[in-house]
file protein.csv (CSV, C-alpha atoms)
chain,number,residue,atom,x,y,z
A,1,MET,CA,0.0,0.0,0.0
A,2,SER,CA,1.3,3.5,-0.9
A,3,ASN,CA,1.2,7.0,0.4
A,4,VAL,CA,-0.4,9.1,-2.4
A,5,LEU,CA,-0.8,12.8,-3.1
A,6,THR,CA,-3.2,13.7,-5.9
A,7,ILE,CA,-3.4,17.1,-7.5
A,8,GLY,CA,-6.1,18.2,-10.0
A,9,LEU,CA,-7.8,14.8,-9.9
A,10,GLY,CA,-11.5,14.2,-10.5
A,11,ALA,CA,-13.6,13.1,-7.5
A,12,GLU,CA,-14.2,9.5,-8.8
A,13,LEU,CA,-10.5,8.8,-9.4
A,14,ALA,CA,-9.5,10.5,-6.2
A,15,GLN,CA,-11.8,8.1,-4.3
A,16,LEU,CA,-10.3,5.1,-6.1
A,17,PHE,CA,-6.8,6.2,-5.1
A,18,ALA,CA,-7.9,6.8,-1.5
A,19,ALA,CA,-9.4,3.3,-1.3
A,20,ALA,CA,-6.3,1.6,-2.7
A,21,SER,CA,-3.7,3.6,-0.6
A,22,THR,CA,-2.5,3.7,2.9
A,23,THR,CA,-2.9,7.4,3.1
A,24,ALA,CA,-4.0,9.8,0.4
A,25,ALA,CA,-4.2,13.6,0.3
A,26,HIS,CA,-6.1,15.4,-2.4
A,27,LEU,CA,-5.4,19.0,-3.6
A,28,GLY,CA,-6.8,21.2,-6.4
A,29,VAL,CA,-4.6,22.3,-9.2
A,30,GLU,CA,-4.3,25.8,-7.6
A,31,ALA,CA,-2.0,24.2,-5.0
A,32,LEU,CA,0.8,24.2,-7.6
A,33,ASP,CA,0.7,28.0,-7.7
A,34,ALA,CA,0.7,28.4,-3.9
A,35,GLU,CA,3.9,29.5,-2.0
A,36,GLY,CA,6.6,26.9,-2.3
A,37,GLY,CA,5.0,25.2,-5.3
A,38,LEU,CA,5.1,21.4,-5.7
A,39,ALA,CA,8.1,20.9,-3.5
A,40,ALA,CA,6.2,22.5,-0.5
A,41,ARG,CA,3.1,20.4,-1.2
A,42,LEU,CA,5.2,17.2,-1.2
A,43,ALA,CA,6.8,18.1,2.0
A,44,GLU,CA,3.5,18.9,3.6
A,45,ALA,CA,2.2,15.5,2.5
A,46,GLY,CA,5.2,13.7,4.1
A,47,HIS,CA,7.0,13.1,0.8
A,48,PRO,CA,4.6,10.5,-0.6
A,49,GLN,CA,5.6,7.5,-2.7
A,50,VAL,CA,3.2,8.5,-5.5
A,51,LEU,CA,2.2,11.8,-7.0
A,52,VAL,CA,-0.8,11.7,-9.3
A,53,LEU,CA,-1.3,14.7,-11.6
A,54,GLY,CA,-4.9,14.8,-12.8
A,55,ALA,CA,-6.5,16.0,-15.9
A,56,ASP,CA,-6.9,19.5,-14.5
A,57,VAL,CA,-3.1,19.8,-14.7
A,58,PRO,CA,-2.1,20.6,-18.4
A,59,VAL,CA,-0.1,17.7,-19.8
A,60,GLN,CA,3.0,19.8,-20.7
A,61,ARG,CA,3.1,21.3,-17.2
A,62,ALA,CA,2.7,17.8,-15.7
A,63,LEU,CA,5.6,16.5,-17.8
A,64,HIS,CA,7.7,19.5,-16.7
A,65,LEU,CA,6.9,18.8,-13.0
A,66,ALA,CA,7.8,15.2,-13.5
A,67,THR,CA,11.2,16.1,-14.9
A,68,GLN,CA,11.9,18.4,-12.0
A,69,LEU,CA,11.1,15.6,-9.6
A,70,ASP,CA,13.1,13.1,-11.5
A,71,VAL,CA,16.3,15.1,-11.2
A,72,SER,CA,15.6,16.2,-7.7
A,73,GLY,CA,16.2,12.8,-6.1
A,74,TYR,CA,12.8,12.9,-4.2
A,75,GLY,CA,12.1,9.3,-5.2
A,76,THR,CA,8.4,10.1,-5.8
A,77,SER,CA,6.8,8.2,-8.7
A,78,VAL,CA,4.7,10.4,-10.9
A,79,VAL,CA,1.5,9.3,-12.5
A,80,VAL,CA,-0.2,11.4,-15.1
A,81,VAL,CA,-3.9,11.2,-15.9
A,82,ALA,CA,-4.4,11.7,-19.7
A,83,PRO,CA,-5.9,9.9,-22.7
A,84,SER,CA,-3.8,7.1,-24.1
A,85,ASP,CA,-1.5,8.3,-26.8
A,86,PRO,CA,1.8,6.7,-28.1
A,87,ASP,CA,3.5,10.1,-28.5
A,88,LEU,CA,2.5,11.0,-24.9
A,89,TRP,CA,4.0,7.8,-23.6
A,90,VAL,CA,7.3,8.6,-25.3
A,91,ALA,CA,7.3,12.1,-23.9
A,92,ALA,CA,6.3,10.9,-20.5
A,93,MET,CA,9.1,8.3,-20.4
A,94,ARG,CA,11.6,10.9,-21.2
A,95,SER,CA,10.3,13.2,-18.5
A,96,GLY,CA,10.5,10.5,-15.8
A,97,VAL,CA,6.8,9.8,-15.5
A,98,ARG,CA,6.2,6.3,-14.1
A,99,ASP,CA,2.7,5.7,-15.6
A,100,VAL,CA,0.0,7.3,-17.7
A,101,LEU,CA,-3.5,6.5,-16.5
A,102,GLY,CA,-6.6,6.9,-18.5
A,103,PRO,CA,-9.4,9.3,-17.2
A,104,ASP,CA,-11.8,6.4,-17.2
A,105,ALA,CA,-9.5,4.0,-15.2
A,106,GLY,CA,-11.2,1.6,-12.8
A,107,PRO,CA,-10.2,0.1,-9.5
A,108,ASP,CA,-8.0,-2.6,-11.1
A,109,ASP,CA,-6.1,-0.1,-13.1
A,110,VAL,CA,-5.4,2.1,-10.1
A,111,ALA,CA,-4.3,-0.9,-8.0
A,112,ALA,CA,-2.0,-2.0,-10.9
A,113,VAL,CA,-0.4,1.5,-11.1
A,114,LEU,CA,0.2,1.6,-7.4
A,115,ARG,CA,1.8,-1.9,-7.4
A,116,ARG,CA,4.2,-0.8,-10.2
A,117,CYS,CA,5.1,2.3,-8.2
A,118,GLU,CA,5.8,0.3,-5.1
A,119,ASP,CA,8.1,-2.0,-7.1
A,120,LEU,CA,10.0,1.0,-8.4
A,121,ALA,CA,10.3,2.4,-4.9
A,122,ARG,CA,11.8,-0.8,-3.7
A,123,ALA,CA,14.2,-0.9,-6.6
A,124,ARG,CA,15.3,2.7,-5.9
A,125,ALA,CA,15.9,1.9,-2.3
A,126,GLN,CA,18.1,-1.0,-3.2
A,127,ALA,CA,20.0,1.1,-5.7
A,128,THR,CA,20.5,3.9,-3.2
A,129,ALA,CA,21.8,1.5,-0.6
A,130,ALA,CA,24.3,0.1,-3.2
A,131,GLU,CA,25.3,3.5,-4.3
A,132,VAL,CA,26.2,4.7,-0.8
A,133,SER,CA,28.7,1.8,-0.5
A,134,SER,CA,30.4,2.4,-3.9
A,135,ASP,CA,32.2,5.2,-5.6
A,136,HIS,CA,31.2,7.1,-8.7
A,137,ARG,CA,32.8,5.9,-11.9
A,138,VAL,CA,33.7,7.7,-15.1
A,139,ILE,CA,34.4,5.1,-17.7
A,140,VAL,CA,36.1,6.0,-21.0
A,141,VAL,CA,35.8,3.4,-23.8
A,142,ALA,CA,38.5,4.0,-26.4
A,143,SER,CA,40.4,2.4,-29.3
A,144,ALA,CA,43.3,3.3,-31.4
A,145,LYS,CA,41.4,2.4,-34.6
A,146,GLY,CA,37.8,2.4,-35.7
A,147,GLY,CA,35.7,-0.6,-36.7
A,148,VAL,CA,36.6,-2.7,-33.6
A,149,GLY,CA,33.1,-2.6,-32.0
A,150,LYS,CA,33.7,0.3,-29.5
A,151,THR,CA,30.1,1.6,-29.6
A,152,THR,CA,28.8,-2.0,-29.2
A,153,VAL,CA,30.8,-2.4,-26.1
A,154,SER,CA,30.0,1.1,-24.8
A,155,THR,CA,26.2,0.7,-25.2
A,156,ASN,CA,26.1,-2.8,-23.8
A,157,LEU,CA,28.1,-1.8,-20.8
A,158,ALA,CA,25.9,1.3,-20.2
A,159,VAL,CA,22.7,-0.7,-20.5
A,160,GLY,CA,24.0,-3.4,-18.3
A,161,LEU,CA,24.9,-0.8,-15.6
A,162,ALA,CA,21.5,0.9,-15.9
A,163,ARG,CA,19.7,-2.5,-15.5
A,164,SER,CA,21.9,-3.7,-12.6
A,165,GLY,CA,20.1,-1.5,-10.0
A,166,THR,CA,23.5,-0.4,-8.6
A,167,GLY,CA,23.2,3.3,-9.6
A,168,SER,CA,22.0,5.8,-12.2
A,169,THR,CA,23.8,5.6,-15.5
A,170,VAL,CA,24.4,8.0,-18.4
A,171,ILE,CA,26.3,7.4,-21.7
A,172,VAL,CA,27.8,10.2,-23.7
A,173,ASP,CA,28.5,9.9,-27.4
A,174,LEU,CA,31.9,11.7,-27.8
A,175,ASP,CA,32.5,10.6,-31.4
A,176,LEU,CA,31.7,14.2,-32.3
A,177,GLN,CA,31.5,13.8,-36.0
A,178,PHE,CA,30.1,10.3,-36.7
A,179,GLY,CA,28.8,9.0,-33.3
A,180,ASP,CA,26.0,6.4,-33.5
A,181,VAL,CA,25.2,5.6,-29.9
A,182,ALA,CA,21.6,6.7,-30.5
A,183,SER,CA,21.3,4.4,-33.5
A,184,ALA,CA,22.8,1.5,-31.6
A,185,LEU,CA,20.1,2.0,-28.9
A,186,ALA,CA,17.2,2.6,-31.4
A,187,LEU,CA,16.6,6.1,-30.1
A,188,VAL,CA,15.5,9.2,-32.0
A,189,PRO,CA,16.8,12.0,-29.7
A,190,GLU,CA,15.2,15.3,-29.4
A,191,TYR,CA,18.4,16.9,-28.2
A,192,THR,CA,22.1,16.1,-28.9
A,193,LEU,CA,25.5,16.8,-27.4
A,194,PRO,CA,25.8,20.5,-28.6
A,195,ASP,CA,22.5,21.2,-26.8
A,196,THR,CA,23.9,20.0,-23.5
A,197,VAL,CA,27.0,22.3,-23.5
A,198,HIS,CA,25.3,25.6,-24.3
A,199,GLY,CA,23.0,27.9,-22.4
A,200,ALA,CA,21.5,27.0,-19.0
A,201,ALA,CA,22.2,23.3,-19.5
A,202,SER,CA,25.9,23.9,-19.3
A,203,ASN,CA,25.8,25.1,-15.7
A,204,ASP,CA,22.5,23.9,-14.2
A,205,PRO,CA,22.2,20.1,-13.6
A,206,LEU,CA,18.4,20.3,-13.4
A,207,VAL,CA,18.2,21.9,-16.9
A,208,LEU,CA,20.9,19.5,-18.2
A,209,LYS,CA,18.9,16.4,-17.4
A,210,THR,CA,15.9,17.6,-19.4
A,211,PHE,CA,18.2,17.5,-22.5
A,212,LEU,CA,19.0,13.8,-22.0
A,213,THR,CA,17.3,11.0,-23.9
A,214,ARG,CA,15.8,8.1,-21.9
A,215,HIS,CA,16.3,4.5,-22.9
A,216,PRO,CA,13.7,1.8,-21.8
A,217,SER,CA,16.5,0.3,-19.6
A,218,GLY,CA,16.6,3.4,-17.5
A,219,LEU,CA,19.8,4.6,-19.1
A,220,TYR,CA,20.2,8.3,-19.9
A,221,VAL,CA,21.8,9.2,-23.2
A,222,VAL,CA,23.7,12.3,-24.5
A,223,ALA,CA,23.3,11.6,-28.2
A,224,GLY,CA,25.9,12.5,-30.8
A,225,SER,CA,25.8,15.6,-32.9
A,226,ASP,CA,23.4,15.8,-35.8
A,227,SER,CA,26.2,16.8,-38.1
A,228,PRO,CA,30.0,16.9,-38.2
A,229,ALA,CA,30.0,20.7,-38.3
A,230,ALA,CA,27.9,20.9,-35.1
A,231,GLY,CA,30.2,18.4,-33.4
A,232,ASP,CA,33.3,20.3,-34.3
A,233,ALA,CA,31.9,23.4,-32.6
A,234,VAL,CA,32.0,21.6,-29.2
A,235,THR,CA,35.2,22.4,-27.4
A,236,SER,CA,37.2,20.3,-25.0
A,237,GLU,CA,36.5,22.7,-22.2
A,238,GLN,CA,32.7,22.3,-22.7
A,239,VAL,CA,33.1,18.5,-22.7
A,240,ALA,CA,35.1,18.7,-19.5
A,241,GLN,CA,32.4,20.7,-17.8
A,242,LEU,CA,29.7,18.3,-19.1
A,243,VAL,CA,31.5,15.3,-17.7
A,244,GLN,CA,32.1,17.0,-14.4
A,245,THR,CA,28.4,17.8,-14.0
A,246,LEU,CA,27.3,14.3,-15.0
A,247,SER,CA,29.8,12.7,-12.7
A,248,GLN,CA,28.2,14.5,-9.8
A,249,GLU,CA,24.6,13.5,-10.8
A,250,PHE,CA,25.1,9.9,-11.9
A,251,GLN,CA,26.8,6.9,-10.4
A,252,TYR,CA,28.2,5.7,-13.7
A,253,VAL,CA,29.2,7.9,-16.7
A,254,VAL,CA,30.2,5.9,-19.8
A,255,LEU,CA,32.0,7.9,-22.5
A,256,ASP,CA,32.1,6.4,-26.0
A,257,THR,CA,35.0,8.2,-27.7
A,258,ALA,CA,36.1,8.6,-31.3
A,259,PRO,CA,39.0,6.4,-32.5
A,260,GLY,CA,42.4,7.6,-31.7
A,261,LEU,CA,43.4,10.2,-29.1
A,262,SER,CA,41.6,13.4,-29.9
A,263,ASP,CA,41.8,16.5,-27.6
A,264,HIS,CA,38.3,15.6,-26.3
A,265,THR,CA,39.4,12.0,-25.5
A,266,LEU,CA,42.5,13.3,-23.7
A,267,THR,CA,40.4,15.8,-21.8
A,268,VAL,CA,37.9,13.2,-20.4
A,269,LEU,CA,40.7,10.8,-19.6
A,270,GLU,CA,41.9,13.4,-17.0
A,271,LYS,CA,38.6,12.8,-15.2
A,272,ALA,CA,38.4,9.0,-15.8
A,273,THR,CA,38.3,6.4,-13.1
A,274,ASP,CA,38.3,3.6,-15.6
A,275,LEU,CA,39.5,3.0,-19.2
A,276,VAL,CA,38.2,0.2,-21.4
A,277,LEU,CA,40.7,-0.2,-24.3
A,278,LEU,CA,39.6,-2.2,-27.3
A,279,SER,CA,41.4,-3.8,-30.2
A,280,GLY,CA,40.6,-6.2,-33.0
A,281,ALA,CA,42.8,-9.3,-33.5
A,282,ASP,CA,44.7,-7.8,-36.5
A,283,VAL,CA,48.3,-6.7,-36.5
A,284,PRO,CA,47.6,-2.9,-37.0
A,285,GLY,CA,45.0,-2.9,-34.3
A,286,VAL,CA,47.2,-4.7,-31.8
A,287,ARG,CA,50.1,-2.4,-32.5
A,288,GLY,CA,47.8,0.6,-32.3
A,289,LEU,CA,46.7,-0.6,-28.8
A,290,ARG,CA,50.2,-0.9,-27.6
A,291,LYS,CA,51.1,2.6,-28.9
A,292,GLU,CA,48.0,4.0,-27.2
A,293,ILE,CA,49.0,2.5,-23.9
A,294,ASP,CA,52.5,3.9,-24.3
A,295,VAL,CA,51.3,7.4,-25.1
A,296,LEU,CA,48.8,7.5,-22.2
A,297,THR,CA,51.4,6.2,-19.8
A,298,GLU,CA,53.8,8.9,-21.0
A,299,LEU,CA,51.1,11.5,-20.5
A,300,ASP,CA,50.2,10.1,-17.1
A,301,LEU,CA,46.6,9.7,-18.3
A,302,LEU,CA,46.3,5.9,-17.9
A,303,PRO,CA,43.8,5.3,-15.0
A,304,ALA,CA,44.7,2.8,-12.4
A,305,ARG,CA,41.7,0.8,-13.3
A,306,ARG,CA,42.1,-0.3,-16.9
A,307,HIS,CA,40.3,-3.1,-18.8
A,308,LEU,CA,41.9,-4.5,-22.0
A,309,LEU,CA,39.4,-6.0,-24.4
A,310,LEU,CA,40.1,-8.0,-27.5
A,311,ASN,CA,37.1,-8.1,-29.9
A,312,MET,CA,36.1,-10.3,-32.8
A,313,TRP,CA,38.5,-13.1,-31.9
A,314,GLU,CA,38.6,-16.2,-34.0
A,315,THR,CA,40.4,-19.4,-33.0
A,316,ASP,CA,42.1,-19.7,-36.4
A,317,ALA,CA,43.3,-16.1,-36.4
A,318,ALA,CA,46.8,-15.4,-37.7
A,319,LEU,CA,47.9,-14.0,-34.3
A,320,SER,CA,47.8,-16.2,-31.3
A,321,MET,CA,46.7,-15.0,-27.9
A,322,LYS,CA,50.3,-15.2,-26.7
A,323,ASP,CA,51.5,-13.0,-29.7
A,324,ILE,CA,48.9,-10.4,-28.9
A,325,GLU,CA,49.6,-10.2,-25.1
A,326,THR,CA,53.4,-10.1,-25.8
A,327,THR,CA,52.9,-7.2,-28.2
A,328,ILE,CA,50.8,-5.1,-25.9
A,329,GLY,CA,52.9,-6.1,-22.8
A,330,SER,CA,49.9,-7.0,-20.7
A,331,PRO,CA,47.4,-9.8,-20.3
A,332,LEU,CA,43.9,-9.3,-21.8
A,333,ASP,CA,41.0,-9.0,-19.4
A,334,ILE,CA,38.2,-9.8,-21.7
A,335,VAL,CA,38.1,-11.7,-25.1
A,336,LEU,CA,35.0,-11.5,-27.2
A,337,PRO,CA,34.6,-14.0,-30.1
A,338,ARG,CA,33.2,-13.0,-33.5
A,339,SER,CA,29.5,-13.7,-33.5
A,340,SER,CA,26.6,-13.2,-35.9
A,341,ALA,CA,24.5,-12.0,-33.0
A,342,VAL,CA,26.4,-8.7,-32.9
A,343,PRO,CA,25.4,-7.3,-36.3
A,344,MET,CA,21.8,-8.4,-35.7
A,345,SER,CA,21.9,-6.5,-32.4
A,346,THR,CA,23.4,-3.5,-34.0
A,347,ASN,CA,20.8,-3.5,-36.9
A,348,THR,CA,17.8,-3.8,-34.5
A,349,GLY,CA,19.1,-1.4,-31.9
A,350,VAL,CA,18.7,-3.9,-29.1
A,351,PRO,CA,22.0,-4.4,-27.1
A,352,LEU,CA,22.8,-8.0,-26.2
A,353,LEU,CA,22.7,-7.2,-22.5
A,354,GLN,CA,19.2,-5.8,-23.0
A,355,ALA,CA,17.9,-8.8,-25.0
A,356,GLY,CA,19.6,-11.4,-22.8
A,357,GLY,CA,20.4,-14.9,-24.2
A,358,ARG,CA,23.3,-17.3,-24.0
A,359,ASP,CA,25.5,-16.0,-26.9
A,360,PRO,CA,29.2,-16.1,-26.1
A,361,VAL,CA,29.6,-12.4,-26.7
A,362,ALA,CA,26.7,-11.6,-24.3
A,363,LYS,CA,28.4,-13.7,-21.7
A,364,GLY,CA,31.7,-11.9,-22.3
A,365,LEU,CA,30.0,-8.5,-22.0
A,366,GLN,CA,28.4,-9.7,-18.8
A,367,THR,CA,31.9,-10.5,-17.5
A,368,LEU,CA,33.0,-7.0,-18.4
A,369,LEU,CA,30.0,-5.5,-16.7
A,370,GLY,CA,30.9,-7.5,-13.5
A,371,ARG,CA,34.2,-5.6,-13.3
A,372,PHE,CA,32.2,-2.4,-12.5
A,373,LEU,CA,29.6,-3.7,-10.1
A,374,PRO,CA,30.1,-3.5,-6.3
A,375,GLN,CA,32.3,-6.3,-4.8
A,376,ALA,CA,33.2,-7.6,-8.2
A,377,ALA,CA,36.4,-9.5,-8.3
A,378,PRO,CA,38.2,-8.7,-11.7
A,379,ALA,CA,39.8,-11.7,-13.4
A,380,ARG,CA,42.9,-11.1,-15.4
A,381,THR,CA,42.5,-14.2,-17.6
A,382,GLY,CA,39.3,-13.1,-19.4
A,383,LEU,CA,36.1,-15.0,-20.1
A,384,PHE,CA,37.7,-17.4,-22.6
A,385,GLY,CA,40.7,-18.5,-20.6
A,386,ARG,CA,40.3,-22.0,-21.9
A,387,LEU,CA,40.3,-20.7,-25.4
A,388,LYS,CA,43.5,-18.8,-24.7
A,389,ALA,CA,45.2,-21.8,-23.3
A,390,GLY,CA,44.7,-23.7,-26.4
A,391,ALA,CA,45.8,-20.9,-28.6
A,392,ARG,CA,49.2,-20.3,-27.1
call {"tool": "encode", "arguments": {"input": "protein.csv", "output": "structure tokens"}}
result
Amino acid sequence: MSNVLTIGLGAELAQLFAAASTTAAHLGVEALDAEGGLAARLAEAGHPQVLVLGADVPVQRALHLATQLDVSGYGTSVVVVAPSDPDLWVAAMRSGVRDVLGPDAGPDDVAAVLRRCEDLARARAQATAAEVSSDHRVIVVASAKGGVGKTTVSTNLAVGLARSGTGSTVIVDLDLQFGDVASALALVPEYTLPDTVHGAASNDPLVLKTFLTRHPSGLYVVAGSDSPAAGDAVTSEQVAQLVQTLSQEFQYVVLDTAPGLSDHTLTVLEKATDLVLLSGADVPGVRGLRKEIDVLTELDLLPARRHLLLNMWETDAALSMKDIETTIGSPLDIVLPRSSAVPMSTNTGVPLLQAGGRDPVAKGLQTLLGRFLPQAAPARTGLFGRLKAGAR
């Protein structure tokens, strides 16, 4: 049973919420304009688990209030009463609304909404408890060369973290010219990276979060630029400020960078707690990985927590695992095999860690994810240790 505050709700629906709740307070829409606004009304109601904004509250205002609550950390689930509309559902999801309830909803509908809100409250409480005991992480995913599956790894890691319940997660597409994080997640963003580094969003966390795109997993997304020209206009200083703000608001910040070591990549590495370095199993890629490690070491930009990942490995590859590790001068942490499941995932926009399944790549990505979760014990031998032993 939930504690509920309703504002601008019709008498019939208000009675249904009162009957289904432990306690319920009912206010007219004018309460939103009284001194202190919504925050004061929530405090007066004892910070209820559920806020229901009725049909008397204009939809756009309801969505705006939901966004404010979502970024404030109150932990209140917002339910909006409005006619069913797919476009509204999308806007509501992005605004942090938990449910949209039809004006003609019955007792079963109200009870179902409250059950979902209670489930979310429990999940939030668990995530908060885990977050208190763990540190914030800024995770840079990088590679010396393109075409090695960097965005696939970034998006899967970010979705996995968001779904883990251990803390809020955001992914930033820092491939400023040709980033495709949004495409890999099947998202059509309303705002992109340049929008987040200009105006009020650049210095106000509350405003910034309204420019982020929501993924069904709960992941927040800073989508890549609409055009190379727009991306080129974003400075390293602006990116540094963005990452600084996000790292204070989110438990995990995942940064999908452009191939190589651009100024923007070097800038975010100064703030990184973790670095995931990728390479393919080809000679140029492996040599590029070694050079990247050497350069970052020389610049003192190699985080203490680094994760070396070899992607698209084949057992009959020209290079043995021993050759690769000798060249880079370190053991590999994760080895992902080549798999037909990856292009299918990319084309459909459903990350492997979102879809689930027993594909070897999904299992390897799950192992990578485990290195970032609380009390995880990193293994230096990688998921496919038995495969490596036979390849030496």
call {"tool": "closest_residue", "arguments": {"input": "protein.csv", "among": "A:Val153, A:Ala66, A:Val342, A:Leu269", "to": "Leu365 (chain A)", "atoms": "only C-alpha atoms"}}
result
A:Val153
call {"tool": "closest_residue", "arguments": {"input": "protein.csv", "among": "A:Ala200, A:Val221, A:Leu296, A:Ile328", "to": "Ser168 (chain A)", "atoms": "all atoms listed in the file"}}
result
A:Val221
call {"tool": "residues_near_point", "arguments": {"input": "protein.csv", "point": "(23.2, -1.8, -10.3)", "cutoff": "6 Å", "atoms": "only C-alpha atoms", "output": "compact mmCIF listing (two decimals) with C-alpha atoms, in the coordinates of the input"}}
result
# COMPACT_ATOMS: atom_id res chain seq x y z
CA LEU A 161 24.90 -0.80 -15.60
CA SER A 164 21.90 -3.70 -12.60
CA GLY A 165 20.10 -1.50 -10.00
CA THR A 166 23.50 -0.40 -8.60
CA GLY A 167 23.20 3.30 -9.60
call {"tool": "closest_residue", "arguments": {"input": "protein.csv", "among": "A:Thr273, A:Thr192, A:Thr76, A:Thr326", "to": "Arg305 (chain A)", "atoms": "all atoms listed in the file"}}
result
A:Thr273
call {"tool": "residues_around", "arguments": {"input": "protein.csv", "residues": "region 233-237 of chain A", "least_positions_apart": "6", "cutoff": "12 Å", "atoms": "all atoms listed in the file", "output": "PyMOL selection string"}}
result
chain A and resi 174-177+192-198+202+224-227+243-244+262-270
call {"tool": "atom_distance", "arguments": {"input": "protein.csv", "atom1": "CA of Asn311 (chain A)", "atom2": "CA of Asp256 (chain A)"}}
result
15.8 Å
call {"tool": "closest_residue", "arguments": {"input": "protein.csv", "among": "A:Ala162, A:Leu51, A:Ala184, A:Ala341", "to": "Val113 (chain A)", "atoms": "all atoms listed in the file"}}
result
A:Leu51
call {"tool": "residues_near_point", "arguments": {"input": "protein.csv", "point": "(48.2, -8.2, -30.6)", "cutoff": "9 Å", "atoms": "only C-alpha atoms", "output": "PyMOL selection string"}}
result
chain A and resi 279-290+310+319-328
call {"tool": "residues_around", "arguments": {"input": "protein.csv", "residues": "Tyr252 (chain A)", "least_positions_apart": "4", "cutoff": "8 Å", "atoms": "only C-alpha atoms", "output": "list in words"}}
result
His136, Arg137, Val138, Ile139, Leu161, Gly167, Ser168, Thr169, Val170 and Ser247 of chain A
call {"tool": "closest_residue", "arguments": {"input": "protein.csv", "among": "A:Ala186, A:Ala55, A:Ala18, A:Ala240", "to": "Thr213 (chain A)", "atoms": "all atoms listed in the file"}}
result
A:Ala186
call {"tool": "atom_distance", "arguments": {"input": "protein.csv", "atom1": "CA of Ser154 (chain A)", "atom2": "CA of Asp294 (chain A)"}}
result
22.7 Å
call {"tool": "residues_around", "arguments": {"input": "protein.csv", "residues": "Ile7 (chain A)", "least_positions_apart": "5", "cutoff": "12 Å", "atoms": "only C-alpha atoms", "output": "ChimeraX atom specification"}}
result
/A:13-14,17,24-33,37-38,41-42,45,50-58,62,65,78-81
call {"tool": "atom_distance", "arguments": {"input": "protein.csv", "atom1": "CA of Arg116 (chain A)", "atom2": "CA of Asp104 (chain A)"}}
result
18.9 Å
